[in-house]
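Contents: one structure, followed by commentary.
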Amino acid sequence: MKRKKFLQTTSAFTLGTILTSPLVGCLNRSGRNPEKPGYSVSKKTGIERRNWGRNIIFRAEHLEHPSTVQEVQELMLKAGNKKALGSTHSYNDIADSPMSQISLRKLNKIISIEETNKTVTIEGGIKYEELVPQLYEKGFALHNLASLPQVTVAGACSTGTHGSGTKNGNLSTAVRGLEICLADGQLVKLSRDNNPNIFDGAVISMGGLGIITSMVLDIQPAYEARQDIFLDLPLENVIENFDQIMSSGYSVSLFTKWQSDIVDQVWIKRRVDQPVDNLGTDFFGGKASDRNIHPIIDLSAESCTDQMGVAGPWYDRLPHFKINAMPSAWDELQSEYFVPIEHAGQAMRAIANLGEKILPYLYISEVRTVAADNLWMSQVYKRTSVAFHFTWKSDWPGVKKLLPELEAALAPFDVRPHWAKLFTINPKTLQKSYKKFPDFLELLKTYDPKGHFKNAYLDSNIYS
Ligand SMILES: Cc1cc2nc3c(=O)[nH]c(=O)nc-3n(C[C@H](O)[C@H](O)[C@H](O)COP(=O)(O)OP(=O)(O)OC[C@H]3O[C@@H](n4cnc5c(N)ncnc54)[C@H](O)[C@@H]3O)c2cc1C
C-alpha cells in the first residue's frame with residue numbers, strides 16, 4: 001500500500017504503557033482540584049498536567065489549542081512528535097506525546113446535518129455532551145452512547161469506545177468519514193464509501209494516523225428511551241439465561257462485585273418506539289428497584305440518568321451519567337476485557353472464581369455486550385462480544401498485581417483489552433489476536449512514515 005495511491009483514491013465528501021509500563025505516573029489523590037480536571041492544569045505554571053482520572057502525568061512538554069484547521073496544519077510543521085488530545089478520559093498514556101499534545105477543544109461545532117444522507121459532520125474536538133442535545137433538538141439521534149457523554153467523539157471513536165446492546169456496534173461503527181491532518185500538514189479525507197479498502201483500518205487508530213479535524217457520523221431519527229433496574233439476580237440465573245437477559249432491552253448492563261453468587265444490578269434500557277414488554281417485578285430472580293440508584297450503590301444517584309421506567313430523550317437514557325454531572329466515582333482506575341459472546345458464561349465463572357481476590361480493589365464491575373464489526377483494530381472485530389469492565393479503587397500497585405491473574409483467567413477465550421484502559425497483556429499476544437494487525441501497521445507507516453504520531457503507548461503495543 002503506497003501512500004500516494006491512498007491519497008489519489010481519497011476524495012472529498014460533504015465535510016463540509018500495555019501496560020507493561022505505559023502507566024507513566026500513578027499518583028495519590030492529594031492536590032485534586034474538582035474545578036480543573038485533566039489538562040486545564042497548565043504545565044507552564046509548573047503544575048503537572050494529568051488525565052481526567054489523574055493517574056497519568058502527561059510527559060508532553062507542550063499543549064496546543066488551535067482554533068482553526070489551518071492552525072492545526074501550521075502546528076504540524078513544527079518539529080517534534082505530536083498527538084491529538086481529546087477530553088483526557090483514557091486511563092493509560094495512549095494520548096500522551098514525547099513533545100506536543102494538540103487539543104481541538106476550540107473546534108467543537110457541528111458543521112452540517114445532511115437530512116437526506118442521515119449524517120452529521122462535526123469538528124474534531126466536539127464532545128458527545130455538546131453534540132447530542134443539538135442532534136435531539138433537530139430530530140436526530142446516534143445509535144448508541146457510552147456510559148458517560150463527557151468524552152470527545154474523536155477520542156472515543158479512536159479507541160473503540162462502546163455502550164451496550166447485542167445488536168449495537170461500538171461508537172466507532174457510526175463513523176462514515178474522517179478528515180485527518182497528517183504530519184506534513186496535508187488534509188486527507190477518507191470515507192466508508194470512497195475508501196472501502198482502508199477505511200475500516202483508519203477509524204480506530206489511537207491517534208496514530210494524524211489529527212482528526214472533522215468526522216461524518218451516521219444518524220437516525222430521534223427516539224425516546226426508558227430504563228428499568230432490577231436488583232440481586234442469582235449469578236447462575238444470569239449465566240443460564242445470558243442471551244435472553246442481555247437481549248431484554250436495546251442496551252443492557254449488569255453490575256456486579258462478583259460476590260455471593262449475586263449479580264447486584266441489571267439496567268435495562270429500552271427504546272419506546274419499539275415494542276416494550278412489561279418486565280414485571282421479578283426478573284430472573286431479581287427484584288425491581290423502587291428508587292433511582294448509582295452503579296456504585298453507596299453513591300448518590302443524583303448524577304445518574306433517570307430510571308424507574310420514565311421515558312426521556314435517547315441521549316439522557318443511554319448513558320448512565322447525565323450531561324454536566326460527575327460520572328462514576330472519579331477517584332478510580334478502569335480496565336475492561338472483551339471475549340466472544342459464546343464464552344460469556346464460562347468467562348463469568350472464571351472471573352467469579354477470582355471474586356475474593358478482586359473484591360479488595362473493586363468498586364464495581366459492569367458487563368455489557370457489543371455487536372461484531374469490521375473495524376480492523378476493534379476489540380469486537382468480527383465477533384459479537386461480552387465486555388467485562390472493572391472500576392477499580394485507586395490502588396495501582398494492587399491492581400497491577402491482580403491484572404495478570406485476571407487476564408490469565410480470560411486468556412482461554414482470546415481476551416482483548418480496551419485500548420484506553422489499564423491492562424498488562426503482552427504486546428505480542430495482543431497483536432496476534434488482531435487478524436488485521438499487519439494491515440493496520442502498514443496503514444500507520446503509510447500515513448505517518450516518519451512516526452510523528454508515535455508515543456510510548458504505540459511504541460510498546462503497536463510498533464514493537
Ligand atoms: C468515567 C469514565 C467512563 C467511561 N465509560 C466508558 C464506556 O462506557 N465505554 C467505553 O468503551 N469506554 C469508556 N471510557 C473510556 C473512554 O471512552 C475512552 O478513554 C475514550 O478514548 C476517551 O475519549 P477522550 O476524548 O477522553 O480521548 P483521550 O483519552 O484524550 O484520547 C484517546 C485517544 O484518542 C486520540 N484522539 C483524541 N482526539 C483525537 C483527534 N481529534 N484526532 C486523532 N486522535 C484523537 C488520542 O490521541 C488518543 O490516542 C470511560 C472513561 C471514563 C473516565
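Residue names in the C-alpha cells use chain letters A, B, ... in the order shown, residue numbers from 1 in each chain, and ligand numbers from 1 in the order shown.
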Would you name the residues within 6 Å of ligand 1, counting only C-alpha atoms and all ligand atoms, and put them as a PyMOL selection string?
chain A and resi 83-90+94-95+124-125+146-148+151-152+154-156+158-159+161-163+206-207+210-213+327-328+420
Can you list every residue in segment 147-396 of chain A that DSSP puts in helix (DSSP H, G or I), as a ChimeraX atom specification?
/A:153-157,171-174,199-202,235-240,242-246,301-303,314-316,341-353,355-361,396
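Minimum atom-to-atom distances from A:Ser464, A:Asn324, A:Ser394, A:Ser253 to Arg368 of chain A were compared using only C-alpha atoms, and the lowest value belongs to A:Ser253.
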Extract, using only C-alpha atoms, all DNA, RNA and protein residues at most 12 Å from Asn353 of chain A, discarding same-chain residues fewer than 2 positions from it, and format them as a PyMOL selection string.
chain A and resi 257-261+346-351+355-359+405-406+409-410
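With only C-alpha atoms as the atoms that count, the residue of A:Val415, A:Val238, A:Leu135, A:Leu362 with the shortest distance to Gln220 of chain A is A:Leu135.
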Name all residues at most 10 Å from Val203 of chain A (count only C-alpha atoms; drop same-chain ones fewer than 2 positions away) and give them as a short mmCIF file (atom, residue, chain, number, x, y, z; two decimals) with N, CA and C atoms, in the first residue's frame.
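Result went into around.cif, see below:
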```cif
data_model
loop_
_atom_site.label_atom_id
_atom_site.label_comp_id
_atom_site.auth_asym_id
_atom_site.auth_seq_id
_atom_site.Cartn_x
_atom_site.Cartn_y
_atom_site.Cartn_z
N ALA A 154 -14.08 12.15 18.70
CA ALA A 154 -12.86 11.65 18.05
C ALA A 154 -12.08 10.73 19.00
N CYS A 157 -14.08 7.39 19.45
CA CYS A 157 -14.10 6.53 18.26
C CYS A 157 -12.69 6.04 17.90
N SER A 158 -11.68 6.76 18.33
CA SER A 158 -10.29 6.32 18.05
C SER A 158 -9.86 5.17 18.94
N THR A 159 -10.66 4.83 19.97
CA THR A 159 -10.26 3.76 20.89
C THR A 159 -11.30 2.64 20.98
N GLY A 160 -12.33 2.66 20.13
CA GLY A 160 -13.34 1.60 20.17
C GLY A 160 -14.26 1.69 21.37
N SER A 172 -17.59 3.68 17.30
CA SER A 172 -16.77 3.86 16.09
C SER A 172 -17.51 3.40 14.84
N THR A 173 -18.48 2.48 14.98
CA THR A 173 -19.18 1.99 13.79
C THR A 173 -20.08 3.05 13.16
N ALA A 174 -20.31 4.14 13.88
CA ALA A 174 -21.13 5.22 13.30
C ALA A 174 -20.30 6.14 12.41
N VAL A 175 -18.98 5.95 12.41
CA VAL A 175 -18.12 6.88 11.65
C VAL A 175 -18.18 6.54 10.16
N ARG A 176 -18.57 7.53 9.39
CA ARG A 176 -18.68 7.32 7.93
C ARG A 176 -17.59 8.07 7.17
N GLY A 177 -17.03 9.08 7.80
CA GLY A 177 -15.97 9.84 7.11
C GLY A 177 -15.03 10.50 8.11
N LEU A 178 -13.79 10.68 7.69
CA LEU A 178 -12.78 11.31 8.54
C LEU A 178 -12.00 12.31 7.72
N LEU A 190 -11.03 10.60 4.16
CA LEU A 190 -11.29 9.18 3.96
C LEU A 190 -12.75 8.92 4.26
N SER A 191 -13.37 8.03 3.50
CA SER A 191 -14.76 7.72 3.82
C SER A 191 -15.06 6.25 3.58
N ARG A 192 -16.10 5.81 4.27
CA ARG A 192 -16.53 4.41 4.15
C ARG A 192 -16.87 4.10 2.69
N ILE A 198 -9.41 0.69 3.01
CA ILE A 198 -8.61 1.07 4.20
C ILE A 198 -9.43 1.76 5.28
N PHE A 199 -10.66 2.19 4.94
CA PHE A 199 -11.39 2.99 5.93
C PHE A 199 -11.58 2.24 7.24
N ASP A 200 -11.87 0.95 7.15
CA ASP A 200 -12.09 0.17 8.38
C ASP A 200 -10.85 0.12 9.26
N GLY A 201 -9.69 0.39 8.66
CA GLY A 201 -8.47 0.42 9.45
C GLY A 201 -8.19 1.79 10.04
N SER A 205 -7.73 4.23 15.39
CA SER A 205 -6.31 4.36 15.06
C SER A 205 -5.49 4.89 16.23
N MET A 206 -6.11 5.13 17.36
CA MET A 206 -5.40 5.55 18.59
C MET A 206 -4.53 6.77 18.33
N GLY A 207 -4.99 7.64 17.48
CA GLY A 207 -4.26 8.87 17.21
C GLY A 207 -3.02 8.67 16.36
N LEU A 209 -2.60 8.05 13.08
CA LEU A 209 -2.53 8.49 11.69
C LEU A 209 -2.29 9.99 11.57
N ILE A 212 -7.46 14.18 13.71
CA ILE A 212 -8.77 14.18 13.06
C ILE A 212 -9.38 15.57 13.24
N LEU A 375 -14.16 -3.22 11.83
CA LEU A 375 -13.07 -2.25 12.03
C LEU A 375 -11.82 -3.01 12.51
N TRP A 376 -10.74 -2.83 11.78
CA TRP A 376 -9.57 -3.70 11.96
C TRP A 376 -9.11 -3.82 13.42
N MET A 377 -9.03 -2.69 14.11
CA MET A 377 -8.49 -2.72 15.47
C MET A 377 -9.59 -2.67 16.53
N SER A 378 -10.81 -3.00 16.11
CA SER A 378 -11.91 -3.04 17.06
C SER A 378 -11.76 -4.25 17.96
#
```
DSSP strand (DSSP E or B) residues within segment 173-281 of chain A, as a PyMOL selection string:
chain A and resi 175-181+187-191+211-218+220-221+224-234+251-256+259+262-271
Residues within 8 Å of Trp314 of chain A, only C-alpha atoms, excluding chain neighbours under 2 positions, as a ChimeraX atom specification:
/A:141,222-225,271,312,316-318
Selected residues written out, N, CA and C atoms, as a PDB file, in the first residue's frame:
```
ATOM      1  N   ALA A 141     -30.725  11.276  16.181  1.00  0.00           N
ATOM      2  CA  ALA A 141     -30.099  10.505  17.262  1.00  0.00           C
ATOM      3  C   ALA A 141     -28.905   9.743  16.726  1.00  0.00           C
ATOM      4  N   ALA A 222     -34.687  10.786  15.872  1.00  0.00           N
ATOM      5  CA  ALA A 222     -34.623  10.803  17.344  1.00  0.00           C
ATOM      6  C   ALA A 222     -35.620   9.813  17.929  1.00  0.00           C
ATOM      7  N   TYR A 223     -35.294   9.292  19.074  1.00  0.00           N
ATOM      8  CA  TYR A 223     -36.194   8.373  19.771  1.00  0.00           C
ATOM      9  C   TYR A 223     -36.112   8.639  21.272  1.00  0.00           C
ATOM     10  N   GLU A 224     -37.094   8.109  21.982  1.00  0.00           N
ATOM     11  CA  GLU A 224     -37.073   8.211  23.434  1.00  0.00           C
ATOM     12  C   GLU A 224     -36.751   6.836  24.001  1.00  0.00           C
ATOM     13  N   ALA A 225     -36.253   6.826  25.196  1.00  0.00           N
ATOM     14  CA  ALA A 225     -35.905   5.546  25.824  1.00  0.00           C
ATOM     15  C   ALA A 225     -36.254   5.610  27.314  1.00  0.00           C
ATOM     16  N   ARG A 271     -35.865   1.353  23.978  1.00  0.00           N
ATOM     17  CA  ARG A 271     -36.422   2.416  23.147  1.00  0.00           C
ATOM     18  C   ARG A 271     -37.933   2.312  23.228  1.00  0.00           C
ATOM     19  N   GLY A 312     -37.496   9.332  28.274  1.00  0.00           N
ATOM     20  CA  GLY A 312     -36.820  10.614  28.042  1.00  0.00           C
ATOM     21  C   GLY A 312     -35.990  10.525  26.783  1.00  0.00           C
ATOM     22  N   ASP A 316     -30.332  11.066  27.096  1.00  0.00           N
ATOM     23  CA  ASP A 316     -30.431  11.194  28.539  1.00  0.00           C
ATOM     24  C   ASP A 316     -30.848   9.875  29.198  1.00  0.00           C
ATOM     25  N   ARG A 317     -30.778   8.783  28.443  1.00  0.00           N
ATOM     26  CA  ARG A 317     -31.077   7.465  28.994  1.00  0.00           C
ATOM     27  C   ARG A 317     -29.990   6.438  28.651  1.00  0.00           C
ATOM     28  N   LEU A 318     -29.430   6.511  27.435  1.00  0.00           N
ATOM     29  CA  LEU A 318     -28.420   5.501  27.065  1.00  0.00           C
ATOM     30  C   LEU A 318     -27.150   5.603  27.915  1.00  0.00           C
TER      31      LEU A 318
END
```
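Restricting the calculation to only C-alpha atoms, the smallest distance between Phe453 of chain A and any of A:Asp184, A:Glu130, A:Asp282, A:Glu48 is found for A:Asp184.
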Report, in Å to a single decimal, how far apart atom CA of Ser97 of chain A and atom CA of Leu443 of chain A are.
20.0 Å
Considering only C-alpha atoms, can you say which of A:Asn455, A:Ser289, A:Thr424, A:Thr391 comes closest to Leu333 of chain A?
A:Thr391
Can you pull out the residues contacting Gln73 of chain A? Cut-off 8 Å, using only C-alpha atoms, and skip same-chain residues under 5 positions away; I want them as a PyMOL selection string.
chain A and resi 181+184-187
Using only C-alpha atoms, please write the residues we just selected to a file, as a CSV table (one decimal), in the first residue's frame.
```
chain,number,residue,atom,x,y,z
A,181,CYS,CA,-4.4,16.4,9.2
A,184,ASP,CA,3.2,17.3,6.8
A,185,GLY,CA,0.1,19.5,7.3
A,186,GLN,CA,-1.8,17.9,4.4
A,187,LEU,CA,-5.5,17.2,4.9
```
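Candidate residues A:Leu217, A:Ala329, A:Ile204, A:Ala411 were compared for distance to Asn374 of chain A, and the nearest is A:Ile204, using only C-alpha atoms.
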What lies within 7 Å of Val339 of chain A using only C-alpha atoms, ignoring chain neighbours under 4 positions off, as a PyMOL selection string?
chain A and resi 343+385-387+413-416
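Rounded to one decimal, atom CA of Phe284 of chain A and atom CA of Asn170 of chain A lie 27.1 Å from each other.
In this comparison, which uses only C-alpha atoms, the residue of A:Lys421, A:Leu171, A:Arg270, A:Ala456 approaching Met99 of chain A most closely is A:Ala456.
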